[in-house]
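Data from protein_39.cif: mmCIF, C-alpha atoms
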data_work
loop_
_atom_site.group_PDB
_atom_site.id
_atom_site.type_symbol
_atom_site.label_atom_id
_atom_site.label_comp_id
_atom_site.auth_asym_id
_atom_site.auth_seq_id
_atom_site.Cartn_x
_atom_site.Cartn_y
_atom_site.Cartn_z
ATOM 1 C CA MET D 1 -15.614 8.550 9.983
ATOM 2 C CA THR D 2 -14.317 12.125 9.683
ATOM 3 C CA ILE D 3 -15.314 14.726 7.117
ATOM 4 C CA ILE D 4 -12.339 16.878 6.136
ATOM 5 C CA GLY D 5 -13.254 20.517 5.588
ATOM 6 C CA THR D 6 -16.283 21.898 7.387
ATOM 7 C CA ALA D 7 -16.957 25.283 5.770
ATOM 8 C CA THR D 8 -20.503 26.532 6.341
ATOM 9 C CA GLU D 9 -21.095 27.233 2.634
ATOM 10 C CA LYS D 10 -19.851 23.847 1.494
ATOM 11 C CA ALA D 11 -20.118 22.585 -2.066
ATOM 12 C CA ALA D 12 -21.401 19.063 -2.738
ATOM 13 C CA VAL D 13 -17.839 17.716 -2.672
ATOM 14 C CA ILE D 14 -17.079 15.809 0.497
ATOM 15 C CA SER D 15 -13.567 14.740 1.484
ATOM 16 C CA PHE D 16 -13.475 12.138 4.214
ATOM 17 C CA MET D 17 -11.432 9.575 6.139
ATOM 18 C CA ILE D 18 -12.761 6.254 7.425
ATOM 19 C CA ASP D 19 -11.249 5.088 10.732
ATOM 20 C CA GLY D 20 -7.652 5.665 9.636
ATOM 21 C CA ILE D 21 -8.019 3.308 6.654
ATOM 22 C CA HIS D 22 -5.856 4.576 3.808
ATOM 23 C CA PRO D 23 -8.013 6.296 1.151
ATOM 24 C CA HIS D 24 -6.578 4.108 -1.610
ATOM 25 C CA ASP D 25 -7.858 1.029 0.166
ATOM 26 C CA VAL D 26 -11.195 2.824 0.577
ATOM 27 C CA GLY D 27 -11.282 3.672 -3.146
ATOM 28 C CA THR D 28 -10.651 0.086 -4.230
ATOM 29 C CA ILE D 29 -13.370 -1.258 -1.930
ATOM 30 C CA PHE D 30 -15.890 1.401 -3.007
ATOM 31 C CA ASP D 31 -15.114 0.637 -6.645
ATOM 32 C CA GLN D 32 -15.883 -3.035 -6.079
ATOM 33 C CA HIS D 33 -19.276 -1.978 -4.711
ATOM 34 C CA GLY D 34 -19.995 0.148 -7.777
ATOM 35 C CA VAL D 35 -19.345 3.489 -6.096
ATOM 36 C CA ALA D 36 -16.955 5.816 -7.947
ATOM 37 C CA ILE D 37 -15.032 8.285 -5.784
ATOM 38 C CA ARG D 38 -11.714 10.095 -6.087
ATOM 39 C CA THR D 39 -8.877 9.250 -3.703
ATOM 40 C CA GLY D 40 -5.446 10.750 -3.146
ATOM 41 C CA HIS D 41 -4.032 14.142 -2.276
ATOM 42 C CA HIS D 42 -6.026 15.843 -5.087
ATOM 43 C CA CYS D 43 -2.935 17.905 -6.010
ATOM 44 C CA ALA D 44 -3.318 19.649 -2.647
ATOM 45 C CA GLN D 45 -0.362 18.319 -0.642
ATOM 46 C CA PRO D 46 -0.054 21.427 1.608
ATOM 47 C CA VAL D 47 -3.644 20.944 2.760
ATOM 48 C CA MET D 48 -2.950 17.254 3.424
ATOM 49 C CA GLU D 49 0.031 18.297 5.562
ATOM 50 C CA PHE D 50 -2.161 20.788 7.393
ATOM 51 C CA TYR D 51 -4.628 18.039 8.319
ATOM 52 C CA ASP D 52 -1.751 15.585 8.918
ATOM 53 C CA ILE D 53 -3.199 12.949 6.595
ATOM 54 C CA PRO D 54 -1.632 11.242 3.555
ATOM 55 C CA ALA D 55 -4.703 11.543 1.330
ATOM 56 C CA THR D 56 -8.492 11.689 1.455
ATOM 57 C CA ALA D 57 -11.393 9.861 -0.139
ATOM 58 C CA ARG D 58 -13.702 12.308 -1.917
ATOM 59 C CA ALA D 59 -17.279 11.912 -3.045
ATOM 60 C CA SER D 60 -18.751 14.454 -5.451
ATOM 61 C CA PHE D 61 -22.489 14.864 -5.896
ATOM 62 C CA ALA D 62 -24.154 16.323 -8.972
ATOM 63 C CA PHE D 63 -27.685 16.880 -10.283
ATOM 64 C CA TYR D 64 -27.903 13.351 -11.647
ATOM 65 C CA ASN D 65 -27.222 11.657 -8.301
ATOM 66 C CA SER D 66 -30.229 10.107 -6.624
ATOM 67 C CA GLU D 67 -31.049 9.164 -3.060
ATOM 68 C CA GLU D 68 -30.192 5.560 -4.004
ATOM 69 C CA ASP D 69 -26.674 6.739 -4.867
ATOM 70 C CA VAL D 70 -26.332 8.232 -1.400
ATOM 71 C CA ASP D 71 -27.536 4.943 0.098
ATOM 72 C CA ALA D 72 -24.967 3.076 -1.990
ATOM 73 C CA LEU D 73 -22.269 5.393 -0.669
ATOM 74 C CA ILE D 74 -23.300 4.774 2.941
ATOM 75 C CA SER D 75 -23.410 1.046 2.300
ATOM 76 C CA ALA D 76 -19.898 1.152 0.804
ATOM 77 C CA ILE D 77 -18.638 2.971 3.907
ATOM 78 C CA GLN D 78 -20.124 0.230 6.105
ATOM 79 C CA LYS D 79 -18.670 -2.531 3.895
ATOM 80 C CA THR D 80 -15.227 -0.891 4.160
ATOM 81 C CA GLN D 81 -15.478 -0.724 7.945
ATOM 82 C CA GLU D 82 -16.538 -4.382 8.066
ATOM 83 C CA LEU D 83 -13.608 -5.488 5.904
ATOM 84 C CA PHE D 84 -11.109 -3.592 8.050
ATOM 85 C CA ALA D 85 -12.769 -4.389 11.396
ATOM 86 C CA MET Q 1 -16.555 -9.216 -4.195
ATOM 87 C CA SER Q 2 -14.528 -12.418 -4.236
ATOM 88 C CA ASP Q 3 -11.759 -10.374 -5.871
ATOM 89 C CA LEU Q 4 -11.815 -8.025 -2.912
ATOM 90 C CA ARG Q 5 -11.319 -10.898 -0.472
ATOM 91 C CA GLU Q 6 -8.554 -12.138 -2.733
ATOM 92 C CA LEU Q 7 -6.825 -8.767 -2.419
ATOM 93 C CA TYR Q 8 -7.472 -8.131 1.268
ATOM 94 C CA GLN Q 9 -6.681 -11.587 2.588
ATOM 95 C CA GLN Q 10 -6.253 -12.264 6.305
ATOM 96 C CA VAL Q 11 -2.458 -12.327 5.970
ATOM 97 C CA ILE Q 12 -2.480 -8.886 4.305
ATOM 98 C CA MET Q 13 -4.763 -7.422 6.980
ATOM 99 C CA ASP Q 14 -2.634 -8.903 9.747
ATOM 100 C CA HIS Q 15 0.639 -7.553 8.328
ATOM 101 C CA ASN Q 16 -0.998 -4.149 7.812
ATOM 102 C CA LYS Q 17 -2.163 -4.030 11.429
ATOM 103 C CA ARG Q 18 1.057 -5.413 12.897
ATOM 104 C CA PRO Q 19 3.873 -4.859 10.395
ATOM 105 C CA ARG Q 20 6.911 -7.062 11.086
ATOM 106 C CA ASN Q 21 10.405 -5.552 11.229
ATOM 107 C CA PHE Q 22 8.912 -2.053 11.395
ATOM 108 C CA ARG Q 23 12.008 -0.337 12.790
ATOM 109 C CA GLU Q 24 15.300 1.244 11.854
ATOM 110 C CA ILE Q 25 18.527 -0.778 11.788
ATOM 111 C CA ASP Q 26 21.257 1.133 13.658
ATOM 112 C CA HIS Q 27 24.115 -0.304 11.653
ATOM 113 C CA ALA Q 28 22.435 -0.677 8.303
ATOM 114 C CA ASN Q 29 24.983 -0.697 5.469
ATOM 115 C CA HIS Q 30 22.372 -0.309 2.730
ATOM 116 C CA LEU Q 31 19.458 2.093 2.799
ATOM 117 C CA ALA Q 32 16.942 3.324 0.248
ATOM 118 C CA HIS Q 33 13.964 5.680 0.266
ATOM 119 C CA GLY Q 34 10.956 4.569 -1.745
ATOM 120 C CA ASN Q 35 8.347 7.058 -2.804
ATOM 121 C CA ASN Q 36 5.121 6.700 -4.698
ATOM 122 C CA PRO Q 37 4.188 10.383 -5.092
ATOM 123 C CA LEU Q 38 0.781 9.819 -6.664
ATOM 124 C CA CYS Q 39 -0.319 7.611 -3.769
ATOM 125 C CA GLY Q 40 1.626 9.365 -1.061
ATOM 126 C CA ASP Q 41 3.219 6.060 -0.034
ATOM 127 C CA LYS Q 42 6.628 6.645 1.495
ATOM 128 C CA LEU Q 43 9.019 4.209 3.080
ATOM 129 C CA VAL Q 44 12.629 3.671 4.027
ATOM 130 C CA VAL Q 45 14.168 0.214 3.729
ATOM 131 C CA TYR Q 46 17.186 -0.658 5.885
ATOM 132 C CA VAL Q 47 19.451 -3.595 5.060
ATOM 133 C CA ARG Q 48 22.401 -5.046 6.933
ATOM 134 C CA LEU Q 49 24.423 -7.202 4.565
ATOM 135 C CA ASP Q 50 27.098 -9.554 5.844
ATOM 136 C CA GLY Q 51 28.978 -10.666 2.753
ATOM 137 C CA ASP Q 52 26.155 -11.813 0.511
ATOM 138 C CA ILE Q 53 23.816 -12.713 3.365
ATOM 139 C CA ILE Q 54 20.927 -10.403 4.282
ATOM 140 C CA GLU Q 55 21.573 -10.463 8.007
ATOM 141 C CA ASP Q 56 18.772 -8.025 8.783
ATOM 142 C CA VAL Q 57 16.186 -6.078 6.804
ATOM 143 C CA SER Q 58 13.559 -3.662 8.084
ATOM 144 C CA PHE Q 59 11.410 -0.741 7.026
ATOM 145 C CA LYS Q 60 9.612 2.333 8.287
ATOM 146 C CA GLY Q 61 7.019 4.456 6.559
ATOM 147 C CA SER Q 62 3.374 4.941 5.826
ATOM 148 C CA GLY Q 63 0.992 3.926 3.106
ATOM 149 C CA CYS Q 64 -2.050 1.885 2.253
ATOM 150 C CA ALA Q 65 -2.711 -1.610 3.607
ATOM 151 C CA ILE Q 66 -1.287 -3.240 0.489
ATOM 152 C CA SER Q 67 2.003 -1.337 0.600
ATOM 153 C CA MET Q 68 2.476 -1.848 4.354
ATOM 154 C CA ALA Q 69 1.694 -5.566 4.189
ATOM 155 C CA SER Q 70 3.919 -6.036 1.168
ATOM 156 C CA ALA Q 71 6.860 -4.340 2.924
ATOM 157 C CA SER Q 72 6.309 -6.380 6.075
ATOM 158 C CA LEU Q 73 6.122 -9.655 4.121
ATOM 159 C CA MET Q 74 9.211 -8.624 2.134
ATOM 160 C CA THR Q 75 11.328 -8.227 5.292
ATOM 161 C CA GLU Q 76 10.181 -11.608 6.600
ATOM 162 C CA ALA Q 77 10.907 -13.334 3.298
ATOM 163 C CA LEU Q 78 14.364 -11.872 2.672
ATOM 164 C CA LYS Q 79 15.860 -12.004 6.151
ATOM 165 C CA GLY Q 80 18.661 -14.600 6.280
ATOM 166 C CA LYS Q 81 18.652 -15.172 2.504
ATOM 167 C CA ASN Q 82 21.703 -14.751 0.301
ATOM 168 C CA LEU Q 83 21.607 -12.291 -2.574
ATOM 169 C CA GLU Q 84 20.993 -14.948 -5.208
ATOM 170 C CA GLN Q 85 18.017 -16.353 -3.281
ATOM 171 C CA ALA Q 86 16.725 -12.827 -2.671
ATOM 172 C CA GLN Q 87 16.915 -12.022 -6.383
ATOM 173 C CA ALA Q 88 15.022 -15.222 -7.225
ATOM 174 C CA ILE Q 89 12.262 -14.350 -4.736
ATOM 175 C CA TYR Q 90 12.113 -10.758 -6.043
ATOM 176 C CA GLU Q 91 11.615 -12.033 -9.587
ATOM 177 C CA GLN Q 92 8.896 -14.481 -8.532
ATOM 178 C CA VAL Q 93 7.018 -11.799 -6.593
ATOM 179 C CA HIS Q 94 7.177 -9.476 -9.571
ATOM 180 C CA LYS Q 95 5.854 -12.191 -11.876
ATOM 181 C CA SER Q 96 3.022 -13.048 -9.481
ATOM 182 C CA MET Q 97 1.892 -9.413 -9.373
ATOM 183 C CA ILE Q 98 1.622 -9.103 -13.132
ATOM 184 C CA GLY Q 99 -0.137 -12.437 -13.494
ATOM 185 C CA GLU Q 100 2.723 -14.486 -14.937
ATOM 186 C CA LYS Q 101 3.352 -18.119 -14.057
ATOM 187 C CA THR Q 102 5.367 -18.518 -10.860
ATOM 188 C CA ASP Q 103 7.311 -21.092 -8.882
ATOM 189 C CA ARG Q 104 5.115 -21.611 -5.815
ATOM 190 C CA SER Q 105 7.891 -23.266 -3.811
ATOM 191 C CA LEU Q 106 9.865 -20.007 -3.972
ATOM 192 C CA LEU Q 107 6.895 -17.729 -3.338
ATOM 193 C CA GLY Q 108 5.464 -19.439 -0.269
ATOM 194 C CA LYS Q 109 3.405 -17.037 1.844
ATOM 195 C CA LEU Q 110 4.177 -14.215 -0.603
ATOM 196 C CA GLU Q 111 1.555 -15.672 -2.904
ATOM 197 C CA VAL Q 112 -1.026 -13.549 -1.043
ATOM 198 C CA LEU Q 113 0.448 -10.509 -2.794
ATOM 199 C CA SER Q 114 -0.573 -11.869 -6.197
ATOM 200 C CA GLY Q 115 -4.138 -10.635 -5.487
ATOM 201 C CA VAL Q 116 -3.082 -7.228 -6.863
ATOM 202 C CA LYS Q 117 -2.842 -8.617 -10.388
ATOM 203 C CA ASP Q 118 -6.595 -8.032 -10.774
ATOM 204 C CA PHE Q 119 -6.237 -4.435 -9.555
ATOM 205 C CA PRO Q 120 -3.833 -2.677 -11.947
ATOM 206 C CA ALA Q 121 -4.044 0.591 -10.006
ATOM 207 C CA ARG Q 122 -2.759 -1.173 -6.893
ATOM 208 C CA VAL Q 123 0.228 -3.036 -8.342
ATOM 209 C CA LYS Q 124 2.496 -0.083 -7.564
ATOM 210 C CA CYS Q 125 1.464 -0.182 -3.909
ATOM 211 C CA ALA Q 126 2.634 -3.770 -3.668
ATOM 212 C CA THR Q 127 5.861 -3.390 -5.652
ATOM 213 C CA LEU Q 128 7.189 -0.253 -3.907
ATOM 214 C CA SER Q 129 8.969 -2.013 -1.033
ATOM 215 C CA TRP Q 130 10.442 -4.620 -3.385
ATOM 216 C CA HIS Q 131 11.851 -1.996 -5.765
ATOM 217 C CA THR Q 132 13.173 -0.105 -2.754
ATOM 218 C CA VAL Q 133 14.980 -3.068 -1.183
ATOM 219 C CA HIS Q 134 16.422 -3.903 -4.593
ATOM 220 C CA ALA Q 135 17.762 -0.350 -4.946
ATOM 221 C CA ALA Q 136 19.148 -0.458 -1.392
ATOM 222 C CA ILE Q 137 21.103 -3.658 -2.001
ATOM 223 C CA ASP Q 138 22.319 -2.518 -5.429
ATOM 224 C CA SER Q 139 23.870 0.678 -4.125
ATOM 225 C CA ASP Q 140 26.609 1.380 -1.585
ATOM 226 C CA HIS Q 141 25.216 4.779 -0.740
ATOM 227 C CA GLU Q 142 21.795 6.045 0.315
ATOM 228 C CA VAL Q 143 19.458 6.136 -2.682
ATOM 229 C CA SER Q 144 15.948 7.330 -3.443
ATOM 230 C CA ILE Q 145 13.600 5.711 -5.892
ATOM 231 C CA SER Q 146 10.238 6.799 -7.173
ATOM 232 C CA THR Q 147 7.676 4.645 -8.911
ATOM 233 C CA GLU Q 148 6.502 7.443 -11.193
#

Can you present the structure in this file as structure tokens?
Amino acid sequence: MTIIGTATEKAAVISFMIDGIHPHDVGTIFDQHGVAIRTGHHCAQPVMEFYDIPATARASFAFYNSEEDVDALISAIQKTQELFA
Amino acid sequence: MSDLRELYQQVIMDHNKRPRNFREIDHANHLAHGNNPLCGDKLVVYVRLDGDIIEDVSFKGSGCAISMASASLMTEALKGKNLEQAQAIYEQVHKSMIGEKTDRSLLGKLEVLSGVKDFPARVKCATLSWHTVHAAIDSDHEVSISTE
């Protein structure tokens, strides 16, 4: 898994790629596991071209997210990798 | 979860990993560009028509597993068919993706694509290559279609 964008002062918005699996496939699988993320080019096509990727998956954290939510996210990543293994 | 397995069936995963007819056709006489700008799915469909027989059909491009598998399955299904047969298959595939009753004898292996009917956001991924091949055959010059 690769995190796209590695600024030192990063906000709690994480764009990522999982093993070359298209982010729209990732989004559908996450959704089925109850994890809501954004997928696509996020209206930022030039940045996508810069990273040479079609789109990213993007998780956003806010004050209401708990540690369980983070665990659910990690679990969804693993489930996605298993499905596409 | 069972829905997810229904969508990402073995056949879909296999065609995504090893897309069939993923190449250009040097002497294609019909060609169309398909673009799904919201997804970022992009493909080119090449067709070589001999009279009303689809002598060869291929594609190149990039996209999600559903769009790649659908394009790959499309080329396999339409190769060697005449235009009337191709149209009949096209209509059946379209029906299967929106959950309408279909003729299974015409659909064959393509039935795996019907899994998208439970995922409205993904129907466009699966239909892109079919709209594109349709546009290619319908036109004598290079065309571009967009699903938006």

### Residues in the PyMOL selection byres ((chain Q) within 9 of (chain D)), expressed as a PyMOL selection string
chain Q and resi 1+3-5+8+13+38-41+62-66+119+121-122

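Distance-wise, CA of Ile25 in chain Q and CA of Ser58 in chain Q end up 6.8 Å apart.
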
### Task
Please provide as a PyMOL selection string all residues within 6 Å of range 57-59 of chain D, with the sequence filter that same-chain residues fewer than 5 positions apart are discarded (counting only C-alpha atoms).
chain D and resi 13-16+23+37-39

#### Entry: Residues returned when the PyMOL selection byres ((chain Q and resi 32) around 10) runs on this file, as an MDAnalysis selection string
chainID Q and resid 30:31 33:35 43:47 59 129 131:139 141:145

### Message
I'd like the interatomic distance between CA of Asn82 in chain Q and CA of Ser105 in chain Q, to a tenth of an Å.
### Response
16.7 Å

### Task
Apply the PyMOL selection byres ((chain Q and resi 16) around 8) to the structure shown and report the selected residues as a PyMOL selection string.
chain Q and resi 12-15+17-19+65-66+68-69+72

### Contacts of Asp52 in chain Q within 9 Å, only C-alpha atoms, excl. fewer than 3 positions in-chain, as a list in words
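Here the qualifying residues turn out to be Leu49, Glu55, Lys81, Asn82, Leu83 and Glu84 of chain Q.
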